[in-house]
$ cat data.pdb   # PDB, C-alpha atoms
ATOM      1  CA  MET A1321     -34.259-128.586  63.413
ATOM      2  CA  ALA A1322     -35.584-131.528  61.447
ATOM      3  CA  ARG A1323     -34.684-135.007  62.614
ATOM      4  CA  THR A1324     -32.802-137.468  60.491
ATOM      5  CA  ALA A1325     -34.126-140.972  60.120
ATOM      6  CA  VAL A1326     -32.690-143.336  62.700
ATOM      7  CA  LEU A1327     -32.103-146.137  60.279
ATOM      8  CA  GLY A1328     -32.690-146.797  56.651
ATOM      9  CA  ARG A1329     -31.409-145.312  53.455
ATOM     10  CA  LEU A1330     -29.329-142.203  53.979
ATOM     11  CA  SER A1331     -29.400-139.175  51.751
ATOM     12  CA  PRO A1332     -26.178-138.543  49.814
ATOM     13  CA  ILE A1333     -23.629-136.692  51.868
ATOM     14  CA  ARG A1334     -22.795-133.253  50.533
ATOM     15  CA  TRP A1335     -20.464-130.451  51.506
ATOM     16  CA  GLN A1336     -22.353-127.415  52.747
ATOM     17  CA  LEU A1337     -21.547-123.961  54.077
ATOM     18  CA  GLY A1338     -22.378-122.598  57.490
ATOM     19  CA  ASP A1339     -22.018-119.038  58.789
ATOM     20  CA  VAL A1340     -20.120-118.539  62.008
ATOM     21  CA  VAL A1341     -22.589-116.782  64.326
ATOM     22  CA  GLU A1342     -20.718-117.002  67.624
ATOM     23  CA  LEU A1343     -17.331-118.037  69.006
ATOM     24  CA  ILE A1344     -17.043-119.080  72.635
ATOM     25  CA  ASP A1345     -13.713-119.359  74.482
ATOM     26  CA  GLU A1346     -13.984-122.523  76.536
ATOM     27  CA  THR A1347     -10.359-122.664  77.720
ATOM     28  CA  PRO A1348      -7.214-120.891  76.440
ATOM     29  CA  ARG A1349      -6.789-123.690  73.873
ATOM     30  CA  VAL A1350     -10.387-124.617  73.128
ATOM     31  CA  LYS A1351     -13.104-122.745  71.297
ATOM     32  CA  THR A1352     -16.712-123.551  70.462
ATOM     33  CA  ILE A1353     -17.925-122.462  67.031
ATOM     34  CA  LEU A1354     -21.660-121.921  66.539
ATOM     35  CA  LEU A1355     -22.813-122.237  62.962
ATOM     36  CA  ASP A1356     -25.932-121.155  61.191
ATOM     37  CA  ALA A1357     -26.398-124.048  58.768
ATOM     38  CA  PRO A1358     -29.471-123.546  56.553
ATOM     39  CA  ASP A1359     -29.154-126.930  54.821
ATOM     40  CA  TRP A1360     -28.585-128.916  58.002
ATOM     41  CA  ALA A1361     -31.004-131.853  58.243
ATOM     42  CA  GLY A1362     -30.482-132.502  61.965
ATOM     43  CA  HIS A1363     -28.357-134.979  63.844
ATOM     44  CA  ARG A1364     -28.245-137.314  66.824
ATOM     45  CA  ALA A1365     -26.079-136.726  69.884
ATOM     46  CA  GLY A1366     -22.656-138.306  69.425
ATOM     47  CA  GLN A1367     -22.358-137.849  65.665
ATOM     48  CA  HIS A1368     -19.604-135.811  64.018
ATOM     49  CA  VAL A1369     -18.997-133.576  61.031
ATOM     50  CA  ASP A1370     -16.085-133.341  58.630
ATOM     51  CA  VAL A1371     -14.697-129.836  58.202
ATOM     52  CA  ARG A1372     -12.824-128.931  55.015
ATOM     53  CA  LEU A1373     -10.432-126.048  54.526
ATOM     54  CA  THR A1374      -9.257-125.113  51.050
ATOM     55  CA  ALA A1375      -6.164-122.964  50.637
ATOM     56  CA  GLU A1376      -5.798-120.397  47.853
ATOM     57  CA  ASP A1377      -3.497-122.768  45.972
ATOM     58  CA  GLY A1378      -6.151-125.491  46.082
ATOM     59  CA  TYR A1379      -4.626-127.521  48.908
ATOM     60  CA  VAL A1380      -7.390-129.198  50.890
ATOM     61  CA  ALA A1381      -7.297-130.367  54.520
ATOM     62  CA  GLU A1382     -10.143-132.282  56.142
ATOM     63  CA  ARG A1383     -10.737-133.089  59.817
ATOM     64  CA  SER A1384     -13.522-134.683  61.819
ATOM     65  CA  TYR A1385     -15.067-132.871  64.785
ATOM     66  CA  SER A1386     -17.690-134.165  67.161
ATOM     67  CA  ILE A1387     -20.888-132.164  67.204
ATOM     68  CA  ALA A1388     -21.088-130.285  70.509
ATOM     69  CA  SER A1389     -24.709-129.190  70.268
ATOM     70  CA  ALA A1390     -27.855-131.159  70.998
ATOM     71  CA  PRO A1391     -30.235-131.901  68.138
ATOM     72  CA  GLU A1392     -32.663-129.556  69.889
ATOM     73  CA  ASP A1393     -30.263-126.598  69.933
ATOM     74  CA  GLY A1394     -30.800-123.698  67.567
ATOM     75  CA  HIS A1395     -27.321-123.786  66.071
ATOM     76  CA  LEU A1396     -24.906-126.469  65.052
ATOM     77  CA  ALA A1397     -21.831-126.291  67.289
ATOM     78  CA  ILE A1398     -18.390-127.841  67.158
ATOM     79  CA  THR A1399     -15.702-127.476  69.799
ATOM     80  CA  VAL A1400     -12.118-127.310  68.578
ATOM     81  CA  GLU A1401      -8.917-127.791  70.548
ATOM     82  CA  ARG A1402      -5.974-125.969  69.030
ATOM     83  CA  LEU A1403      -3.103-128.321  68.304
ATOM     84  CA  ASP A1404       0.071-126.333  67.703
ATOM     85  CA  ASP A1405       1.287-128.466  64.818
ATOM     86  CA  GLY A1406      -2.191-128.941  63.341
ATOM     87  CA  GLU A1407      -3.270-127.904  59.865
ATOM     88  CA  VAL A1408      -6.907-127.151  60.571
ATOM     89  CA  SER A1409      -7.403-126.484  64.290
ATOM     90  CA  PRO A1410      -5.151-123.370  64.514
ATOM     91  CA  TYR A1411      -7.241-121.737  61.800
ATOM     92  CA  LEU A1412     -10.576-122.724  63.374
ATOM     93  CA  ALA A1413      -9.517-121.843  66.912
ATOM     94  CA  GLU A1414      -7.608-118.621  66.198
ATOM     95  CA  GLU A1415      -8.269-117.021  62.844
ATOM     96  CA  LEU A1416     -11.965-117.659  62.356
ATOM     97  CA  VAL A1417     -14.234-114.674  63.084
ATOM     98  CA  VAL A1418     -17.994-114.214  63.266
ATOM     99  CA  GLY A1419     -19.399-113.912  59.753
ATOM    100  CA  ASP A1420     -16.869-116.298  58.189
ATOM    101  CA  LYS A1421     -18.097-119.355  56.363
ATOM    102  CA  VAL A1422     -17.098-122.898  57.247
ATOM    103  CA  GLU A1423     -17.387-125.789  54.825
ATOM    104  CA  PHE A1424     -18.522-129.038  56.392
ATOM    105  CA  ARG A1425     -20.544-132.187  55.832
ATOM    106  CA  GLY A1426     -22.547-134.474  58.058
ATOM    107  CA  PRO A1427     -23.952-135.737  60.258
ATOM    108  CA  ILE A1428     -21.585-138.705  60.179
ATOM    109  CA  GLY A1429     -21.557-141.890  62.229
ATOM    110  CA  GLY A1430     -24.226-143.971  63.897
ATOM    111  CA  TYR A1431     -22.335-146.150  66.340
ATOM    112  CA  PHE A1432     -21.329-143.641  69.024
ATOM    113  CA  VAL A1433     -24.828-142.221  69.380
ATOM    114  CA  TRP A1434     -27.269-141.906  72.252
ATOM    115  CA  GLU A1435     -30.931-140.970  72.065
ATOM    116  CA  ALA A1436     -32.995-140.299  75.176
ATOM    117  CA  ARG A1437     -35.556-142.940  74.229
ATOM    118  CA  GLU A1438     -32.840-145.610  74.493
ATOM    119  CA  GLY A1439     -32.797-144.998  78.237
ATOM    120  CA  GLY A1440     -29.947-145.748  80.608
ATOM    121  CA  PRO A1441     -28.489-145.405  83.122
ATOM    122  CA  LEU A1442     -25.881-143.562  81.171
ATOM    123  CA  LEU A1443     -22.218-143.610  82.145
ATOM    124  CA  LEU A1444     -20.167-141.087  80.175
ATOM    125  CA  VAL A1445     -16.389-141.118  80.460
ATOM    126  CA  GLY A1446     -14.405-138.435  78.655
ATOM    127  CA  GLY A1447     -10.744-137.517  78.422
ATOM    128  CA  GLY A1448      -9.811-133.966  77.379
ATOM    129  CA  SER A1449     -11.738-132.875  74.306
ATOM    130  CA  GLY A1450     -13.334-136.330  74.294
ATOM    131  CA  VAL A1451     -16.001-134.690  76.418
ATOM    132  CA  VAL A1452     -17.482-132.963  73.345
ATOM    133  CA  PRO A1453     -19.868-135.676  72.073
ATOM    134  CA  LEU A1454     -20.739-136.539  75.688
ATOM    135  CA  ARG A1455     -21.759-132.923  76.251
ATOM    136  CA  ALA A1456     -24.057-133.201  73.210
ATOM    137  CA  MET A1457     -25.656-136.238  74.863
ATOM    138  CA  LEU A1458     -26.135-134.384  78.155
ATOM    139  CA  ARG A1459     -27.619-131.354  76.389
ATOM    140  CA  HIS A1460     -29.955-133.668  74.474
ATOM    141  CA  ARG A1461     -30.929-135.416  77.694
ATOM    142  CA  ALA A1462     -31.665-132.048  79.352
ATOM    143  CA  ALA A1463     -33.487-130.638  76.316
ATOM    144  CA  VAL A1464     -36.018-133.465  76.202
ATOM    145  CA  GLY A1465     -36.396-133.455  79.988
ATOM    146  CA  ALA A1466     -35.283-137.057  80.343
ATOM    147  CA  ASP A1467     -34.819-138.307  83.907
ATOM    148  CA  THR A1468     -32.480-141.075  82.762
ATOM    149  CA  PRO A1469     -29.827-141.361  85.468
ATOM    150  CA  ALA A1470     -26.527-140.135  84.069
ATOM    151  CA  ARG A1471     -22.980-139.793  85.348
ATOM    152  CA  LEU A1472     -20.167-137.958  83.638
ATOM    153  CA  LEU A1473     -16.619-138.811  84.631
ATOM    154  CA  TYR A1474     -14.313-136.296  83.002
ATOM    155  CA  SER A1475     -10.522-136.505  83.027
ATOM    156  CA  SER A1476      -8.629-133.287  82.460
ATOM    157  CA  ARG A1477      -5.123-131.997  83.124
ATOM    158  CA  SER A1478      -6.268-129.167  85.375
ATOM    159  CA  LEU A1479      -9.452-127.360  86.329
ATOM    160  CA  GLY A1480      -8.571-124.640  83.823
ATOM    161  CA  ASP A1481      -8.534-127.229  81.039
ATOM    162  CA  VAL A1482     -12.073-128.430  81.797
ATOM    163  CA  ILE A1483     -14.265-127.627  78.802
ATOM    164  CA  TYR A1484     -17.896-126.542  79.461
ATOM    165  CA  ARG A1485     -17.156-126.342  83.177
ATOM    166  CA  ASP A1486     -19.848-123.773  84.075
ATOM    167  CA  GLU A1487     -22.478-125.615  82.078
ATOM    168  CA  LEU A1488     -21.560-129.002  83.514
ATOM    169  CA  ASP A1489     -21.532-127.688  87.093
ATOM    170  CA  MET A1490     -24.883-126.005  86.505
ATOM    171  CA  LEU A1491     -26.421-129.193  85.086
ATOM    172  CA  ASP A1492     -24.902-131.175  87.954
ATOM    173  CA  SER A1493     -26.438-128.989  90.648
ATOM    174  CA  ALA A1494     -29.799-128.503  88.924
ATOM    175  CA  ASP A1495     -30.495-132.128  88.014
ATOM    176  CA  PRO A1496     -30.886-134.730  90.776
ATOM    177  CA  TYR A1497     -30.432-137.558  88.273
ATOM    178  CA  LEU A1498     -27.126-136.259  86.929
ATOM    179  CA  GLU A1499     -23.740-136.416  88.608
ATOM    180  CA  VAL A1500     -20.514-134.895  87.271
ATOM    181  CA  ARG A1501     -17.129-135.978  88.598
ATOM    182  CA  TYR A1502     -13.746-134.642  87.556
ATOM    183  CA  ALA A1503     -10.362-136.326  87.623
ATOM    184  CA  LEU A1504      -7.561-133.747  87.416
ATOM    185  CA  THR A1505      -4.392-135.521  86.376
ATOM    186  CA  ARG A1506      -1.673-132.836  86.546
ATOM    187  CA  ALA A1507      -2.681-129.952  88.775
ATOM    188  CA  GLN A1508      -5.384-129.576  91.373
ATOM    189  CA  PRO A1509      -6.560-126.411  93.101
ATOM    190  CA  GLU A1510      -6.124-126.144  96.852
ATOM    191  CA  GLY A1511      -8.708-128.121  98.751
ATOM    192  CA  TRP A1512      -9.674-130.144  95.651
ATOM    193  CA  SER A1513     -12.128-132.867  96.632
ATOM    194  CA  GLY A1514     -12.410-134.621  93.273
ATOM    195  CA  TYR A1515     -10.096-137.257  91.864
ATOM    196  CA  SER A1516      -6.423-136.308  91.482
ATOM    197  CA  ARG A1517      -5.135-139.048  89.194
ATOM    198  CA  ARG A1518      -5.752-140.684  85.849
ATOM    199  CA  ILE A1519      -8.961-142.674  85.675
ATOM    200  CA  ASP A1520      -8.308-146.216  86.844
ATOM    201  CA  GLU A1521     -10.317-149.292  87.718
ATOM    202  CA  GLU A1522     -10.908-148.103  91.272
ATOM    203  CA  ILE A1523     -12.384-144.794  90.102
ATOM    204  CA  LEU A1524     -14.551-146.625  87.595
ATOM    205  CA  ARG A1525     -15.735-148.999  90.299
ATOM    206  CA  GLU A1526     -16.762-146.013  92.431
ATOM    207  CA  THR A1527     -18.462-144.206  89.573
ATOM    208  CA  ALA A1528     -20.127-147.022  87.611
ATOM    209  CA  TYR A1529     -23.723-147.933  88.327
ATOM    210  CA  PRO A1530     -24.372-150.915  90.572
ATOM    211  CA  ASN A1531     -24.264-154.203  88.662
ATOM    212  CA  ALA A1532     -22.824-152.297  85.683
ATOM    213  CA  GLU A1533     -26.352-151.422  84.676
ATOM    214  CA  GLY A1534     -27.033-149.467  81.499
ATOM    215  CA  VAL A1535     -24.712-148.308  78.766
ATOM    216  CA  ALA A1536     -21.334-146.561  78.772
ATOM    217  CA  PHE A1537     -19.825-144.138  76.262
ATOM    218  CA  VAL A1538     -16.081-143.522  76.347
ATOM    219  CA  CYS A1539     -14.353-140.855  74.269
ATOM    220  CA  GLY A1540     -10.829-139.475  74.301
ATOM    221  CA  PRO A1541      -7.299-140.206  73.121
ATOM    222  CA  THR A1542      -6.680-143.830  72.108
ATOM    223  CA  ARG A1543      -4.808-144.903  75.231
ATOM    224  CA  PHE A1544      -7.328-143.225  77.521
ATOM    225  CA  VAL A1545     -10.181-145.024  75.775
ATOM    226  CA  GLU A1546      -8.452-148.399  75.983
ATOM    227  CA  THR A1547      -7.656-148.018  79.690
ATOM    228  CA  VAL A1548     -11.206-146.973  80.511
ATOM    229  CA  ALA A1549     -12.833-149.620  78.300
ATOM    230  CA  ASP A1550     -10.703-152.359  79.905
ATOM    231  CA  GLY A1551     -11.586-150.987  83.340
ATOM    232  CA  LEU A1552     -15.300-151.017  82.552
ATOM    233  CA  LEU A1553     -15.101-154.642  81.441
ATOM    234  CA  ALA A1554     -13.307-155.424  84.709
ATOM    235  CA  VAL A1555     -16.095-153.860  86.769
ATOM    236  CA  GLY A1556     -18.716-155.882  84.937
ATOM    237  CA  TYR A1557     -19.820-154.041  81.790
ATOM    238  CA  SER A1558     -20.266-156.312  78.783
ATOM    239  CA  PRO A1559     -18.343-155.261  75.658
ATOM    240  CA  GLU A1560     -21.465-154.520  73.599
ATOM    241  CA  ARG A1561     -22.617-151.980  76.204
ATOM    242  CA  VAL A1562     -19.349-150.034  76.123
ATOM    243  CA  LYS A1563     -19.256-147.733  73.101
ATOM    244  CA  THR A1564     -15.939-146.104  72.356
ATOM    245  CA  GLU A1565     -14.645-143.323  70.169
ATOM    246  CA  ARG A1566     -10.916-142.774  69.834
ATOM    247  CA  PHE A1567      -9.445-139.388  68.995
ATOM    248  CA  GLY A1568      -6.311-139.686  66.921
ATOM    249  CA  PRO A1569      -3.127-137.623  66.992
ATOM    250  CA  THR A1570      -3.788-136.489  63.422
ATOM    251  CA  GLY A1571      -6.887-134.647  64.553
ATOM    252  CA  GLY A1572      -5.313-131.195  64.314
TER     253      GLY A1572
ATOM    254  CA  MET B1118       4.521-140.950  68.574
ATOM    255  CA  GLU B1119       3.879-144.595  69.299
ATOM    256  CA  GLU B1120       2.031-146.971  67.029
ATOM    257  CA  GLN B1121      -0.677-147.442  69.641
ATOM    258  CA  ASP B1122      -1.642-143.782  69.332
ATOM    259  CA  LEU B1123      -2.447-144.243  65.652
ATOM    260  CA  LYS B1124      -5.191-146.730  66.372
ATOM    261  CA  LEU B1125      -8.680-145.313  65.878
ATOM    262  CA  ASP B1126     -12.008-147.072  65.553
ATOM    263  CA  GLY B1127     -14.795-147.549  63.042
ATOM    264  CA  ASN B1128     -16.152-144.075  63.762
ATOM    265  CA  ALA B1129     -13.133-142.703  61.915
ATOM    266  CA  ALA B1130     -14.171-144.516  58.731
ATOM    267  CA  ALA B1131     -17.790-143.346  58.902
ATOM    268  CA  GLY B1132     -17.329-140.420  56.504
ATOM    269  CA  LEU B1133     -15.762-142.592  53.821
ATOM    270  CA  PHE B1134     -18.514-145.185  54.298
ATOM    271  CA  ARG B1135     -21.104-142.453  53.833
ATOM    272  CA  GLU B1136     -19.594-141.578  50.472
ATOM    273  CA  LEU B1137     -19.757-145.180  49.301
ATOM    274  CA  PHE B1138     -22.871-146.688  50.856
ATOM    275  CA  ALA B1139     -26.512-145.704  51.120
ATOM    276  CA  PHE B1140     -26.861-147.261  54.589
ATOM    277  CA  GLU B1141     -25.082-146.556  57.862
ATOM    278  CA  LEU B1142     -22.182-148.981  57.992
ATOM    279  CA  THR B1143     -20.821-148.234  61.472
ATOM    280  CA  THR B1144     -23.884-149.883  63.040
ATOM    281  CA  ALA B1145     -23.674-152.886  60.696
ATOM    282  CA  ARG B1146     -22.370-156.093  62.224
ATOM    283  CA  GLY B1147     -19.582-157.923  60.477
ATOM    284  CA  ARG B1148     -17.804-161.250  60.918
ATOM    285  CA  CYS B1149     -14.020-161.546  60.836
ATOM    286  CA  ASP B1150     -13.109-164.132  58.217
ATOM    287  CA  ASN B1151     -10.039-165.172  60.203
ATOM    288  CA  CYS B1152     -11.253-165.688  63.785
ATOM    289  CA  GLY B1153     -15.033-165.542  63.441
ATOM    290  CA  ALA B1154     -15.505-162.662  65.880
ATOM    291  CA  VAL B1155     -18.625-160.610  65.212
ATOM    292  CA  ALA B1156     -18.605-156.885  65.967
ATOM    293  CA  GLU B1157     -20.264-153.659  64.954
ATOM    294  CA  VAL B1158     -18.133-151.896  62.366
ATOM    295  CA  GLY B1159     -17.963-148.834  64.637
ATOM    296  CA  ALA B1160     -16.121-150.934  67.208
ATOM    297  CA  VAL B1161     -13.352-152.355  65.014
ATOM    298  CA  PHE B1162      -9.865-150.849  64.896
ATOM    299  CA  VAL B1163      -9.097-148.335  62.173
ATOM    300  CA  TYR B1164      -5.719-147.090  61.012
ATOM    301  CA  ALA B1165      -6.134-143.984  58.896
ATOM    302  CA  ASN B1166      -2.471-142.950  58.702
ATOM    303  CA  ALA B1167      -1.669-145.247  55.769
ATOM    304  CA  PRO B1168      -2.284-144.086  52.179
ATOM    305  CA  GLY B1169      -5.643-145.784  52.590
ATOM    306  CA  THR B1170      -7.864-146.609  55.539
ATOM    307  CA  VAL B1171      -7.306-150.033  57.112
ATOM    308  CA  LEU B1172      -9.873-151.778  59.320
ATOM    309  CA  ARG B1173      -8.637-154.536  61.626
ATOM    310  CA  CYS B1174     -10.378-157.084  63.819
ATOM    311  CA  PRO B1175     -10.121-156.052  67.501
ATOM    312  CA  GLN B1176      -9.891-159.724  68.502
ATOM    313  CA  CYS B1177      -7.197-161.128  66.201
ATOM    314  CA  GLY B1178      -5.782-158.169  64.251
ATOM    315  CA  ASN B1179      -6.816-159.579  60.879
ATOM    316  CA  VAL B1180      -7.210-156.956  58.138
ATOM    317  CA  LEU B1181     -10.965-156.759  57.582
ATOM    318  CA  MET B1182     -11.137-154.048  54.934
ATOM    319  CA  ARG B1183      -8.934-151.631  53.106
ATOM    320  CA  MET B1184     -10.316-148.521  51.474
ATOM    321  CA  ALA B1185      -8.648-145.866  49.380
ATOM    322  CA  LYS B1186      -9.814-142.899  47.364
ATOM    323  CA  ASN B1187      -7.745-141.357  44.621
ATOM    324  CA  ASP B1188      -8.128-139.781  41.194
ATOM    325  CA  GLY B1189     -11.910-139.861  41.333
ATOM    326  CA  ARG B1190     -12.015-143.577  42.167
ATOM    327  CA  TYR B1191     -12.674-145.609  45.266
ATOM    328  CA  TRP B1192     -10.810-148.827  45.871
ATOM    329  CA  LEU B1193     -12.304-151.298  48.310
ATOM    330  CA  ASP B1194     -10.859-154.606  49.562
ATOM    331  CA  VAL B1195     -13.193-156.533  51.896
ATOM    332  CA  ARG B1196     -11.587-159.939  51.837
ATOM    333  CA  GLY B1197     -11.202-160.093  55.624
ATOM    334  CA  VAL B1198     -14.951-159.955  56.205
ATOM    335  CA  SER B1199     -17.135-163.065  55.843
ATOM    336  CA  TRP B1200     -20.373-161.115  55.929
ATOM    337  CA  LEU B1201     -21.914-157.792  56.834
ATOM    338  CA  GLU B1202     -25.392-157.392  58.285
ATOM    339  CA  VAL B1203     -26.712-153.914  57.492
ATOM    340  CA  HIS B1204     -29.823-152.329  59.023
ATOM    341  CA  ALA B1205     -32.280-151.535  56.223
TER     342      ALA B1205
END
$ encode --input "data.pdb" --output "structure tokens"
Amino acid sequence: MARTAVLGRLSPIRWQLGDVVELIDETPRVKTILLDAPDWAGHRAGQHVDVRLTAEDGYVAERSYSIASAPEDGHLAITVERLDDGEVSPYLAEELVVGDKVEFRGPIGGYFVWEAREGGPLLLVGGGSGVVPLRAMLRHRAAVGADTPARLLYSSRSLGDVIYRDELDMLDSADPYLEVRYALTRAQPEGWSGYSRRIDEEILRETAYPNAEGVAFVCGPTRFVETVADGLLAVGYSPERVKTERFGPTGG
Amino acid sequence: MEEQDLKLDGNAAAGLFRELFAFELTTARGRCDNCGAVAEVGAVFVYANAPGTVLRCPQCGNVLMRMAKNDGRYWLDVRGVSWLEVHA
């Protein structure tokens, strides 16, 4: 796909249609939607799209979703967690079928973005579906063959709630410069050797790079992000090297 | 739901900014007119649950900007910002 300009004047943002080409069940509540988007001008890892649903009576609902795919991937992907009281996510995660069209616009955002040429080391900390833009960064890093050291610290309720688990474990074992660590907050399988509590300062101290080198990206629910960001400052990261993205409760 | 959960950040205002401005605003730096703190717009606090979108200074809580869109019009209040430095 074509690359967007890094800086400079942006083209007007327009709603466009994409065809659903594949649906992937990530967990019982989470689905990845692959779109064929002919008018897509490319994106950078970490950016998001707005998705718009229009009901027959004209009612419109809009939500933002992080882009799950790398710029180098063949299709644009978003990963959607179904929220039971949501207006948009139940449709995207349950009713959508291959061949349907999805209306969206983007790419949006420039702050929570990582490009391989910016280097690292890269500390990625995700909570729940906050892992989505971090996965785009890891796919981008792998696609360009970057040997930037990277660590992903991923907090999830249980192993079954871990999104992209096979892919992350595969990347972890195949790439000597990448390390993936899980923190399971509610339930752990027997013999679990990873973290078994919410991410705290001690975990961050064990996972962060020596001398808080490099840059950190933190994404998840608001309170998760604030706890982690405070913890990273406590272990020595300077505020301008901790980029955060908060997922709101109205995301559904 | 607690008020703290409603707090987002500048990323959540990026779509609205893209409708209004020709340059990426979340990577622009801005100065809070109340306390003088300088931050990238992507890092400031955003409350999107009001009728409009409210941006607040993460240091002092001052309202930096308010944005609303209705009836084919945008309404923009930037009185809490002394200046914005935008990458050309």
$ closest_residue --input "data.pdb" --among "A:Asp1393, A:Glu1499, A:Asp1370, A:Glu1560" --to "Ala1129 (chain B)" --atoms "only C-alpha atoms"
A:Asp1370
$ residues_near_point --input "data.pdb" --point "(-1.1, -143.0, 63.6)" --cutoff "6 Å" --atoms "only C-alpha atoms" --output "NGL selection string"
:B and (1122-1123 or 1166)
$ resolve_selection --input "data.pdb" --expression "the PyMOL selection byres ((chain A and resi 1546-1555) around 12)" --output "VMD selection string"
(chain A and resid 1443 to 1447 1473 to 1475 1518 to 1545 1556 to 1567) or (chain B and resid 1121 to 1122 1124 to 1126 1160 1162 1175)
$ resolve_selection --input "data.pdb" --expression "the PyMOL selection byres ((chain A and resi 1417-1422) around 12)" --output "PDB file with C-alpha atoms, in the coordinates of the input"
ATOM      1  CA  TRP A1335     -20.464-130.451  51.506  1.00  0.00           C
ATOM      2  CA  GLN A1336     -22.353-127.415  52.747  1.00  0.00           C
ATOM      3  CA  LEU A1337     -21.547-123.961  54.077  1.00  0.00           C
ATOM      4  CA  GLY A1338     -22.378-122.598  57.490  1.00  0.00           C
ATOM      5  CA  ASP A1339     -22.018-119.038  58.789  1.00  0.00           C
ATOM      6  CA  VAL A1340     -20.120-118.539  62.008  1.00  0.00           C
ATOM      7  CA  VAL A1341     -22.589-116.782  64.326  1.00  0.00           C
ATOM      8  CA  GLU A1342     -20.718-117.002  67.624  1.00  0.00           C
ATOM      9  CA  LEU A1343     -17.331-118.037  69.006  1.00  0.00           C
ATOM     10  CA  ILE A1344     -17.043-119.080  72.635  1.00  0.00           C
ATOM     11  CA  LYS A1351     -13.104-122.745  71.297  1.00  0.00           C
ATOM     12  CA  THR A1352     -16.712-123.551  70.462  1.00  0.00           C
ATOM     13  CA  ILE A1353     -17.925-122.462  67.031  1.00  0.00           C
ATOM     14  CA  LEU A1354     -21.660-121.921  66.539  1.00  0.00           C
ATOM     15  CA  LEU A1355     -22.813-122.237  62.962  1.00  0.00           C
ATOM     16  CA  ASP A1356     -25.932-121.155  61.191  1.00  0.00           C
ATOM     17  CA  ALA A1357     -26.398-124.048  58.768  1.00  0.00           C
ATOM     18  CA  VAL A1369     -18.997-133.576  61.031  1.00  0.00           C
ATOM     19  CA  ASP A1370     -16.085-133.341  58.630  1.00  0.00           C
ATOM     20  CA  VAL A1371     -14.697-129.836  58.202  1.00  0.00           C
ATOM     21  CA  ARG A1372     -12.824-128.931  55.015  1.00  0.00           C
ATOM     22  CA  LEU A1373     -10.432-126.048  54.526  1.00  0.00           C
ATOM     23  CA  THR A1374      -9.257-125.113  51.050  1.00  0.00           C
ATOM     24  CA  GLU A1382     -10.143-132.282  56.142  1.00  0.00           C
ATOM     25  CA  LEU A1396     -24.906-126.469  65.052  1.00  0.00           C
ATOM     26  CA  ALA A1397     -21.831-126.291  67.289  1.00  0.00           C
ATOM     27  CA  ILE A1398     -18.390-127.841  67.158  1.00  0.00           C
ATOM     28  CA  VAL A1408      -6.907-127.151  60.571  1.00  0.00           C
ATOM     29  CA  TYR A1411      -7.241-121.737  61.800  1.00  0.00           C
ATOM     30  CA  LEU A1412     -10.576-122.724  63.374  1.00  0.00           C
ATOM     31  CA  ALA A1413      -9.517-121.843  66.912  1.00  0.00           C
ATOM     32  CA  GLU A1414      -7.608-118.621  66.198  1.00  0.00           C
ATOM     33  CA  GLU A1415      -8.269-117.021  62.844  1.00  0.00           C
ATOM     34  CA  LEU A1416     -11.965-117.659  62.356  1.00  0.00           C
ATOM     35  CA  GLU A1423     -17.387-125.789  54.825  1.00  0.00           C
ATOM     36  CA  PHE A1424     -18.522-129.038  56.392  1.00  0.00           C
ATOM     37  CA  ARG A1425     -20.544-132.187  55.832  1.00  0.00           C
TER      38      ARG A1425
END
$ interface_residues --input "data.pdb" --of "chain A" --to "chain B" --cutoff "6 Å" --atoms "all atoms listed in the file" --output "list in words"
Gly1328, Arg1329, Leu1330, Ile1428, Gly1429, Gly1430, Tyr1431, Thr1542 and Arg1566 of chain A
$ atom_distance --input "data.pdb" --atom1 "CA of Glu1510 (chain A)" --atom2 "CA of Asp1481 (chain A)"
16.0 Å
$ atom_distance --input "data.pdb" --atom1 "CA of Ala1167 (chain B)" --atom2 "CA of Tyr1379 (chain A)"
19.2 Å
$ resolve_selection --input "data.pdb" --expression "the PyMOL selection byres ((chain A and resi 1507) around 9)" --output "list in words"
Arg1477, Ser1478, Leu1479, Leu1504, Thr1505, Arg1506, Gln1508, Pro1509 and Ser1516 of chain A
$ atom_distance --input "data.pdb" --atom1 "CA of Met1182 (chain B)" --atom2 "CA of Gly1366 (chain A)"
24.3 Å
$ closest_residue --input "data.pdb" --among "A:Ala1494, A:Tyr1385, A:Gly1406, A:Ala1361" --to "Ser1449 (chain A)" --atoms "all atoms listed in the file"
A:Tyr1385
$ residues_around --input "data.pdb" --residues "Pro1168 (chain B)" --least-positions-apart "4" --cutoff "10 Å" --atoms "only C-alpha atoms" --output "list in words"
Tyr1164, Met1184, Ala1185, Lys1186 and Asn1187 of chain B
$ residues_near_point --input "data.pdb" --point "(-26.3, -141.6, 77.2)" --cutoff "10 Å" --atoms "all atoms listed in the file" --output "MDAnalysis selection string"
chainID A and resid 1365:1366 1432:1444 1454:1458 1460:1461 1468:1472 1534:1537
$ residues_around --input "data.pdb" --residues "region 1190-1202 of chain B" --least-positions-apart "5" --cutoff "7 Å" --atoms "only C-alpha atoms" --output "list of chain:residue names"
B:Ala1145, B:Arg1146, B:Gly1147, B:Arg1148, B:Cys1149, B:Asp1150, B:Asn1151, B:Asn1179, B:Val1180, B:Leu1181, B:Met1182, B:Arg1183, B:Met1184, B:Ala1185
$ residues_around --input "data.pdb" --residues "Ile1483 (chain A)" --least-positions-apart "5" --cutoff "9 Å" --atoms "only C-alpha atoms" --output "PyMOL selection string"
chain A and resi 1346-1347+1350+1448-1449+1451-1452+1476+1488
